[in-house]
Every structure is written in C-alpha cells, then in structure tokens.
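A.B. asks: The structure that follows is given in the form of structure tokens.
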Amino acid sequence: MRTQRQVVDYSLQKRAVLRDVHNGRIGTLEVCDASPYLKNAALFHGEPTDDRCPVCRRDNLTLVHYIYGDELKQSAGQARKLAELPVLAMTLREFQVFVVEVCRSCAWNHLTQQYVLGRDALTADELDQAEATASAVAGRHRETGSSSQRREGRR
Ligand SMILES: [Zn+2]
C-alpha cells in the first residue's frame, strides 16, 4: 500500500518460534492457540494466502488485519478486510495495522507485520508526486507548444 510506513517485520521472530516447534522445544499446543475471536476474524475478515501452514501443512494461512488508533474510537482493535484499509487510510490521519497469520486447521497464529497507515503520509507523498507529475506534464506541453509555434513561424 502506498501510505504504508514504519513497517516492522516479525518474520525473524516467527522463524525462531517455528524452529523451536520443529525441534520439539515448544509444544504445538503453545503456538496453535488462536482464540475463537481470532478464528472468526480469519473466517469473516481474513485475507487468504497461498502459503501453507508451517505447523500442520494441512491448510493455507489466512492473514487478519487488526487496526488500532485514537481516531478509530470504538472500532479500535477490530479486524478489517484488507480491501477496507485503503479507504480508512484516505479518511484517517494515522492508525496502526497489526497483521496476524492464522491457520484455520490447527490454530497456529503469529504476528507477522505491523505498520502505520493514514492520509498524513498520503497527502505529503501524493502532493509531491502530483505536483511533480503536473509540472512535468505542463512543461512538456509548453515545450511542444512553443516548438511547434516556432516551426510554424519559420515557415
Ligand atoms: Zn496449521
């Protein structure tokens, strides 16, 4: 997403946990403990992936996006569909997104990523981009305009 910033990636932590699971140092029950809420969120708001569950390998992982922030008020802490995030990013100044992967078969779950979204960045970035594009387009038009005029004048 264009406005995604302050991205924190948890894949290292995830790999460490999985290593311990595969070594038998951590029991699967300890890591496959998705709450009924999280499983429901995966079912109703989850983003399906093509990645197999690293624990049971029976099902593909589902990503659940949780949103947090003062501006969200009573919606803070709710799971949202991925498609809803750009809309929120246009209307809110800033909010946090926590991405959790869940296996709906064995209940494996882990935080994979965290980032900030919102139109605070969108306005800054997009204004720059829009201005740059606008001036480039305008400049090109001016150039072609004047050169064609010059050509006409020479004729
Ligand atoms: Zn699984």
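In the structure tokens, each chain is lettered A, B, ... as it comes, each chain's residues begin at 1, and ligands are numbered from 1 in order of appearance.
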Taking a cut-off of 9 Å and counting only C-alpha atoms and all ligand atoms, can you build a table that, for each residue of chain A near ligand 1, reports the nearest atom pair and how far apart they are in Å (one decimal), sorted by chain then residue number, as JSON lines?
C.D. replies:
```
{"residue": "A:Cys32", "atom": "CA", "partner": "ligand 1", "partner_atom_place_in_ligand_line": "1 (Zn)", "distance": 7.6}
{"residue": "A:Arg52", "atom": "CA", "partner": "ligand 1", "partner_atom_place_in_ligand_line": "1 (Zn)", "distance": 7.8}
{"residue": "A:Cys53", "atom": "CA", "partner": "ligand 1", "partner_atom_place_in_ligand_line": "1 (Zn)", "distance": 4.5}
{"residue": "A:Pro54", "atom": "CA", "partner": "ligand 1", "partner_atom_place_in_ligand_line": "1 (Zn)", "distance": 6.6}
{"residue": "A:Val55", "atom": "CA", "partner": "ligand 1", "partner_atom_place_in_ligand_line": "1 (Zn)", "distance": 5.1}
{"residue": "A:Cys56", "atom": "CA", "partner": "ligand 1", "partner_atom_place_in_ligand_line": "1 (Zn)", "distance": 4.0}
{"residue": "A:Arg57", "atom": "CA", "partner": "ligand 1", "partner_atom_place_in_ligand_line": "1 (Zn)", "distance": 5.7}
{"residue": "A:Arg58", "atom": "CA", "partner": "ligand 1", "partner_atom_place_in_ligand_line": "1 (Zn)", "distance": 6.1}
{"residue": "A:Asp59", "atom": "CA", "partner": "ligand 1", "partner_atom_place_in_ligand_line": "1 (Zn)", "distance": 6.0}
{"residue": "A:Asn60", "atom": "CA", "partner": "ligand 1", "partner_atom_place_in_ligand_line": "1 (Zn)", "distance": 7.7}
{"residue": "A:Leu61", "atom": "CA", "partner": "ligand 1", "partner_atom_place_in_ligand_line": "1 (Zn)", "distance": 7.6}
{"residue": "A:Val102", "atom": "CA", "partner": "ligand 1", "partner_atom_place_in_ligand_line": "1 (Zn)", "distance": 7.8}
{"residue": "A:Cys103", "atom": "CA", "partner": "ligand 1", "partner_atom_place_in_ligand_line": "1 (Zn)", "distance": 4.5}
{"residue": "A:Arg104", "atom": "CA", "partner": "ligand 1", "partner_atom_place_in_ligand_line": "1 (Zn)", "distance": 6.6}
{"residue": "A:Ser105", "atom": "CA", "partner": "ligand 1", "partner_atom_place_in_ligand_line": "1 (Zn)", "distance": 5.1}
{"residue": "A:Cys106", "atom": "CA", "partner": "ligand 1", "partner_atom_place_in_ligand_line": "1 (Zn)", "distance": 4.0}
{"residue": "A:Ala107", "atom": "CA", "partner": "ligand 1", "partner_atom_place_in_ligand_line": "1 (Zn)", "distance": 6.0}
{"residue": "A:Trp108", "atom": "CA", "partner": "ligand 1", "partner_atom_place_in_ligand_line": "1 (Zn)", "distance": 5.4}
{"residue": "A:Asn109", "atom": "CA", "partner": "ligand 1", "partner_atom_place_in_ligand_line": "1 (Zn)", "distance": 8.5}
```
A.B. asks: Mind checking which residues fall within 7 Å of Lys81 in chain A, counting only C-alpha atoms, ignoring those fewer than 5 positions away in the same chain, and posting them as a ChimeraX atom specification?
C.D. replies: /A:45-47,65
A.B. asks: Determine, counting only C-alpha atoms, which protein, DNA and RNA residues have an atom within 12 Å of an atom of Gln4 in chain A; residues of the same chain fewer than 2 positions away are not included. Present the result as a ChimeraX atom specification.
C.D. replies: /A:1-2,6-8,85-86,89-90,94-98,113-122,125
A.B. asks: Could you write those residues out with N, CA and C atoms, as a PDB file, in the first residue's frame?
C.D. replies:
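Here's the written file result.pdb:
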```pdb
ATOM      1  N   MET A   1       0.841  -1.194   0.000  1.00  0.00           N
ATOM      2  CA  MET A   1       0.000   0.000   0.000  1.00  0.00           C
ATOM      3  C   MET A   1       0.880   1.250   0.000  1.00  0.00           C
ATOM      4  N   ARG A   2       0.425   2.276  -0.709  1.00  0.00           N
ATOM      5  CA  ARG A   2       1.236   3.463  -0.906  1.00  0.00           C
ATOM      6  C   ARG A   2       1.592   4.190   0.386  1.00  0.00           C
ATOM      7  N   GLN A   6       6.575   3.001   8.649  1.00  0.00           N
ATOM      8  CA  GLN A   6       7.016   2.451   9.939  1.00  0.00           C
ATOM      9  C   GLN A   6       6.736   0.953  10.007  1.00  0.00           C
ATOM     10  N   VAL A   7       7.140   0.258   8.965  1.00  0.00           N
ATOM     11  CA  VAL A   7       6.856  -1.168   8.882  1.00  0.00           C
ATOM     12  C   VAL A   7       7.797  -1.944   9.808  1.00  0.00           C
ATOM     13  N   VAL A   8       7.212  -2.796  10.635  1.00  0.00           N
ATOM     14  CA  VAL A   8       8.005  -3.695  11.468  1.00  0.00           C
ATOM     15  C   VAL A   8       7.691  -5.111  11.019  1.00  0.00           C
ATOM     16  N   LEU A  85      -8.752  -1.245   4.083  1.00  0.00           N
ATOM     17  CA  LEU A  85      -7.674  -0.422   4.631  1.00  0.00           C
ATOM     18  C   LEU A  85      -7.370   0.828   3.796  1.00  0.00           C
ATOM     19  N   PRO A  86      -7.309   0.735   2.455  1.00  0.00           N
ATOM     20  CA  PRO A  86      -7.039   1.961   1.687  1.00  0.00           C
ATOM     21  C   PRO A  86      -8.109   3.027   1.906  1.00  0.00           C
ATOM     22  N   ALA A  89      -7.396   4.564   5.134  1.00  0.00           N
ATOM     23  CA  ALA A  89      -6.165   5.355   5.013  1.00  0.00           C
ATOM     24  C   ALA A  89      -6.430   6.715   4.376  1.00  0.00           C
ATOM     25  N   MET A  90      -7.512   6.809   3.604  1.00  0.00           N
ATOM     26  CA  MET A  90      -7.868   8.083   2.980  1.00  0.00           C
ATOM     27  C   MET A  90      -8.604   8.985   3.967  1.00  0.00           C
ATOM     28  N   GLU A  94      -3.977   8.808  10.857  1.00  0.00           N
ATOM     29  CA  GLU A  94      -2.971   7.808  11.209  1.00  0.00           C
ATOM     30  C   GLU A  94      -3.582   6.692  12.028  1.00  0.00           C
ATOM     31  N   PHE A  95      -3.262   5.462  11.679  1.00  0.00           N
ATOM     32  CA  PHE A  95      -3.658   4.319  12.509  1.00  0.00           C
ATOM     33  C   PHE A  95      -2.681   3.173  12.297  1.00  0.00           C
ATOM     34  N   GLN A  96      -2.639   2.303  13.310  1.00  0.00           N
ATOM     35  CA  GLN A  96      -1.731   1.162  13.294  1.00  0.00           C
ATOM     36  C   GLN A  96      -2.437  -0.058  12.723  1.00  0.00           C
ATOM     37  N   VAL A  97      -1.701  -0.852  11.981  1.00  0.00           N
ATOM     38  CA  VAL A  97      -2.230  -2.126  11.487  1.00  0.00           C
ATOM     39  C   VAL A  97      -1.329  -3.245  11.996  1.00  0.00           C
ATOM     40  N   PHE A  98      -1.932  -4.251  12.587  1.00  0.00           N
ATOM     41  CA  PHE A  98      -1.205  -5.444  13.020  1.00  0.00           C
ATOM     42  C   PHE A  98      -1.697  -6.610  12.165  1.00  0.00           C
ATOM     43  N   GLN A 113       3.507  -8.760  10.884  1.00  0.00           N
ATOM     44  CA  GLN A 113       3.884  -7.426  10.465  1.00  0.00           C
ATOM     45  C   GLN A 113       3.061  -6.377  11.182  1.00  0.00           C
ATOM     46  N   GLN A 114       3.643  -5.213  11.285  1.00  0.00           N
ATOM     47  CA  GLN A 114       2.944  -4.099  11.906  1.00  0.00           C
ATOM     48  C   GLN A 114       3.325  -2.865  11.104  1.00  0.00           C
ATOM     49  N   TYR A 115       2.374  -1.999  10.817  1.00  0.00           N
ATOM     50  CA  TYR A 115       2.714  -0.771  10.103  1.00  0.00           C
ATOM     51  C   TYR A 115       1.686   0.323  10.381  1.00  0.00           C
ATOM     52  N   VAL A 116       2.015   1.515   9.927  1.00  0.00           N
ATOM     53  CA  VAL A 116       1.157   2.670  10.132  1.00  0.00           C
ATOM     54  C   VAL A 116       0.573   3.088   8.790  1.00  0.00           C
ATOM     55  N   LEU A 117      -0.711   3.381   8.790  1.00  0.00           N
ATOM     56  CA  LEU A 117      -1.379   3.880   7.587  1.00  0.00           C
ATOM     57  C   LEU A 117      -2.094   5.184   7.916  1.00  0.00           C
ATOM     58  N   GLY A 118      -2.479   5.921   6.901  1.00  0.00           N
ATOM     59  CA  GLY A 118      -3.248   7.136   7.122  1.00  0.00           C
ATOM     60  C   GLY A 118      -2.913   8.197   6.107  1.00  0.00           C
ATOM     61  N   ARG A 119      -3.795   9.207   6.029  1.00  0.00           N
ATOM     62  CA  ARG A 119      -3.609  10.186   4.961  1.00  0.00           C
ATOM     63  C   ARG A 119      -2.547  11.230   5.304  1.00  0.00           C
ATOM     64  N   ASP A 120      -2.009  11.196   6.527  1.00  0.00           N
ATOM     65  CA  ASP A 120      -0.879  12.065   6.852  1.00  0.00           C
ATOM     66  C   ASP A 120       0.234  11.884   5.834  1.00  0.00           C
ATOM     67  N   ALA A 121       0.549  10.636   5.545  1.00  0.00           N
ATOM     68  CA  ALA A 121       1.615  10.347   4.579  1.00  0.00           C
ATOM     69  C   ALA A 121       1.100  10.499   3.161  1.00  0.00           C
ATOM     70  N   LEU A 122      -0.144  10.117   2.986  1.00  0.00           N
ATOM     71  CA  LEU A 122      -0.737  10.179   1.647  1.00  0.00           C
ATOM     72  C   LEU A 122      -0.674  11.594   1.099  1.00  0.00           C
ATOM     73  N   ASP A 125       3.160  12.580   0.419  1.00  0.00           N
ATOM     74  CA  ASP A 125       3.689  11.834  -0.726  1.00  0.00           C
ATOM     75  C   ASP A 125       2.961  12.187  -2.007  1.00  0.00           C
TER      76      ASP A 125
END
```
A.B. asks: State, in Å with one decimal place, the distance from CA of Tyr37 in chain A to CA of Tyr68 in chain A.
C.D. replies: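 Straight-line distance from CA of Tyr37 in chain A to CA of Tyr68 in chain A works out to 16.4 Å.
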A.B. asks: Could you give me, as an NGL selection string, each residue of range 30-127 of chain A that DSSP assigns to strand (DSSP E or B) when run on this structure's backbone?
C.D. replies: :A and (47-52 or 60-68 or 78-80 or 95-103 or 109-117)
A.B. asks: Calculated over only C-alpha atoms, which of the candidates A:Ile67, A:Val21, A:Ile26, A:Val31 has the smallest distance to Glu84 in chain A?
C.D. replies: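 Using only C-alpha atoms, Glu84 in chain A sits closest to A:Ile67.
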A.B. asks: So which one's closest to Gln78 in chain A, A:Leu111, A:Val17, A:Leu38, A:Leu63? Using only C-alpha atoms, please.
C.D. replies: A:Leu38
A.B. asks: So which one's closest to Arg80 in chain A, A:Tyr10, A:Glu30, A:Ala42, A:Thr62? Using only C-alpha atoms, please.
C.D. replies: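 Smallest separation from Arg80 in chain A among the options: A:Ala42.
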A.B. asks: Write down as a VMD selection string the residues belonging to range 6-130 of chain A that are assigned alpha helix (DSSP H) by DSSP computed on the backbone.
C.D. replies: chain A and resid 11 to 23 28 to 31 36 to 45 85 to 91 119 to 130
A.B. asks: Please produce an output containing N, CA and C atoms for each residue in the selection, written as a compact mmCIF listing (two decimals), in the first residue's frame.
C.D. replies:
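File selection_33.txt, as written:
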```txt
# COMPACT_ATOMS: atom_id res chain seq x y z
N SER A 11 9.14 -11.59 10.82
CA SER A 11 9.43 -12.91 10.26
C SER A 11 10.59 -13.61 10.98
N LEU A 12 11.54 -12.83 11.51
CA LEU A 12 12.65 -13.45 12.25
C LEU A 12 12.14 -14.14 13.51
N GLN A 13 11.29 -13.42 14.25
CA GLN A 13 10.72 -13.99 15.47
C GLN A 13 9.90 -15.23 15.14
N LYS A 14 9.16 -15.14 14.04
CA LYS A 14 8.32 -16.26 13.63
C LYS A 14 9.18 -17.48 13.32
N ARG A 15 10.27 -17.23 12.58
CA ARG A 15 11.16 -18.33 12.22
C ARG A 15 11.76 -18.98 13.47
N ALA A 16 12.10 -18.14 14.46
CA ALA A 16 12.69 -18.66 15.71
C ALA A 16 11.68 -19.55 16.44
N VAL A 17 10.44 -19.11 16.48
CA VAL A 17 9.39 -19.90 17.14
C VAL A 17 9.20 -21.22 16.40
N LEU A 18 9.15 -21.14 15.07
CA LEU A 18 8.92 -22.35 14.28
C LEU A 18 10.07 -23.34 14.44
N ARG A 19 11.30 -22.80 14.54
CA ARG A 19 12.46 -23.65 14.73
C ARG A 19 12.29 -24.43 16.04
N ASP A 20 11.87 -23.72 17.08
CA ASP A 20 11.67 -24.37 18.39
C ASP A 20 10.54 -25.38 18.34
N VAL A 21 9.53 -25.10 17.54
CA VAL A 21 8.42 -26.05 17.41
C VAL A 21 8.93 -27.32 16.72
N HIS A 22 9.69 -27.13 15.64
CA HIS A 22 10.17 -28.29 14.89
C HIS A 22 11.22 -29.07 15.67
N ASN A 23 11.95 -28.38 16.56
CA ASN A 23 12.92 -29.07 17.42
C ASN A 23 12.25 -29.76 18.60
N THR A 28 3.29 -27.77 20.14
CA THR A 28 2.41 -27.12 19.18
C THR A 28 1.20 -26.49 19.87
N LEU A 29 0.79 -27.08 20.99
CA LEU A 29 -0.36 -26.52 21.70
C LEU A 29 -0.09 -25.09 22.16
N GLU A 30 1.17 -24.81 22.44
CA GLU A 30 1.53 -23.47 22.91
C GLU A 30 1.42 -22.42 21.82
N VAL A 31 1.69 -22.82 20.58
CA VAL A 31 1.68 -21.85 19.49
C VAL A 31 0.41 -21.93 18.64
N PRO A 36 -11.10 -18.14 19.75
CA PRO A 36 -12.28 -18.20 18.87
C PRO A 36 -12.50 -16.88 18.12
N TYR A 37 -12.12 -15.76 18.77
CA TYR A 37 -12.26 -14.45 18.13
C TYR A 37 -11.36 -14.33 16.91
N LEU A 38 -10.13 -14.77 17.10
CA LEU A 38 -9.16 -14.69 16.00
C LEU A 38 -9.59 -15.61 14.85
N LYS A 39 -10.09 -16.80 15.20
CA LYS A 39 -10.54 -17.72 14.14
C LYS A 39 -11.75 -17.15 13.40
N ASN A 40 -12.64 -16.51 14.14
CA ASN A 40 -13.79 -15.86 13.50
C ASN A 40 -13.35 -14.72 12.60
N ALA A 41 -12.38 -13.92 13.10
CA ALA A 41 -11.86 -12.81 12.31
C ALA A 41 -11.24 -13.33 11.01
N ALA A 42 -10.55 -14.46 11.12
CA ALA A 42 -9.93 -15.06 9.93
C ALA A 42 -11.00 -15.49 8.94
N LEU A 43 -12.10 -16.02 9.48
CA LEU A 43 -13.18 -16.52 8.64
C LEU A 43 -13.91 -15.37 7.94
N PHE A 44 -14.19 -14.31 8.67
CA PHE A 44 -15.03 -13.24 8.11
C PHE A 44 -14.26 -12.07 7.52
N HIS A 45 -13.06 -11.80 8.02
CA HIS A 45 -12.31 -10.64 7.54
C HIS A 45 -10.95 -11.01 6.99
N LEU A 85 -8.75 -1.24 4.08
CA LEU A 85 -7.67 -0.42 4.63
C LEU A 85 -7.37 0.83 3.80
N PRO A 86 -7.31 0.73 2.45
CA PRO A 86 -7.04 1.96 1.69
C PRO A 86 -8.11 3.03 1.91
N VAL A 87 -9.35 2.61 2.09
CA VAL A 87 -10.43 3.56 2.34
C VAL A 87 -10.22 4.26 3.68
N LEU A 88 -9.88 3.46 4.69
CA LEU A 88 -9.59 4.04 6.01
C LEU A 88 -8.38 4.97 5.93
N ALA A 89 -7.40 4.56 5.13
CA ALA A 89 -6.16 5.35 5.01
C ALA A 89 -6.43 6.72 4.38
N MET A 90 -7.51 6.81 3.60
CA MET A 90 -7.87 8.08 2.98
C MET A 90 -8.60 8.98 3.97
N THR A 91 -9.33 8.38 4.91
CA THR A 91 -10.18 9.17 5.79
C THR A 91 -9.51 9.47 7.13
N ARG A 119 -3.80 9.21 6.03
CA ARG A 119 -3.61 10.19 4.96
C ARG A 119 -2.55 11.23 5.30
N ASP A 120 -2.01 11.20 6.53
CA ASP A 120 -0.88 12.06 6.85
C ASP A 120 0.23 11.88 5.83
N ALA A 121 0.55 10.64 5.55
CA ALA A 121 1.62 10.35 4.58
C ALA A 121 1.10 10.50 3.16
N LEU A 122 -0.14 10.12 2.99
CA LEU A 122 -0.74 10.18 1.65
C LEU A 122 -0.67 11.59 1.10
N THR A 123 -1.05 12.59 1.91
CA THR A 123 -1.05 13.97 1.42
C THR A 123 0.36 14.41 1.08
N ALA A 124 1.31 14.14 1.97
CA ALA A 124 2.69 14.56 1.73
C ALA A 124 3.23 13.91 0.46
N ASP A 125 3.16 12.58 0.42
CA ASP A 125 3.69 11.83 -0.73
C ASP A 125 2.96 12.19 -2.01
N GLU A 126 1.66 12.15 -1.92
CA GLU A 126 0.86 12.33 -3.14
C GLU A 126 0.92 13.76 -3.65
N LEU A 127 1.01 14.71 -2.73
CA LEU A 127 1.14 16.09 -3.18
C LEU A 127 2.43 16.24 -3.97
N ASP A 128 3.52 15.72 -3.42
CA ASP A 128 4.81 15.77 -4.12
C ASP A 128 4.69 15.15 -5.49
N GLN A 129 4.13 13.94 -5.48
CA GLN A 129 4.03 13.17 -6.72
C GLN A 129 3.13 13.90 -7.71
N ALA A 130 2.00 14.38 -7.22
CA ALA A 130 1.03 15.05 -8.07
C ALA A 130 1.64 16.33 -8.65
```
A.B. asks: To one decimal in Å, tell me the separation between CA of Asp51 in chain A and CA of Val99 in chain A.
C.D. replies: 14.8 Å
A.B. asks: What is the distance, in Å and to one decimal place, between CA of Val64 in chain A and CA of Thr3 in chain A?
C.D. replies: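 Spanning CA of Val64 in chain A to CA of Thr3 in chain A is a straight-line distance of 18.9 Å.
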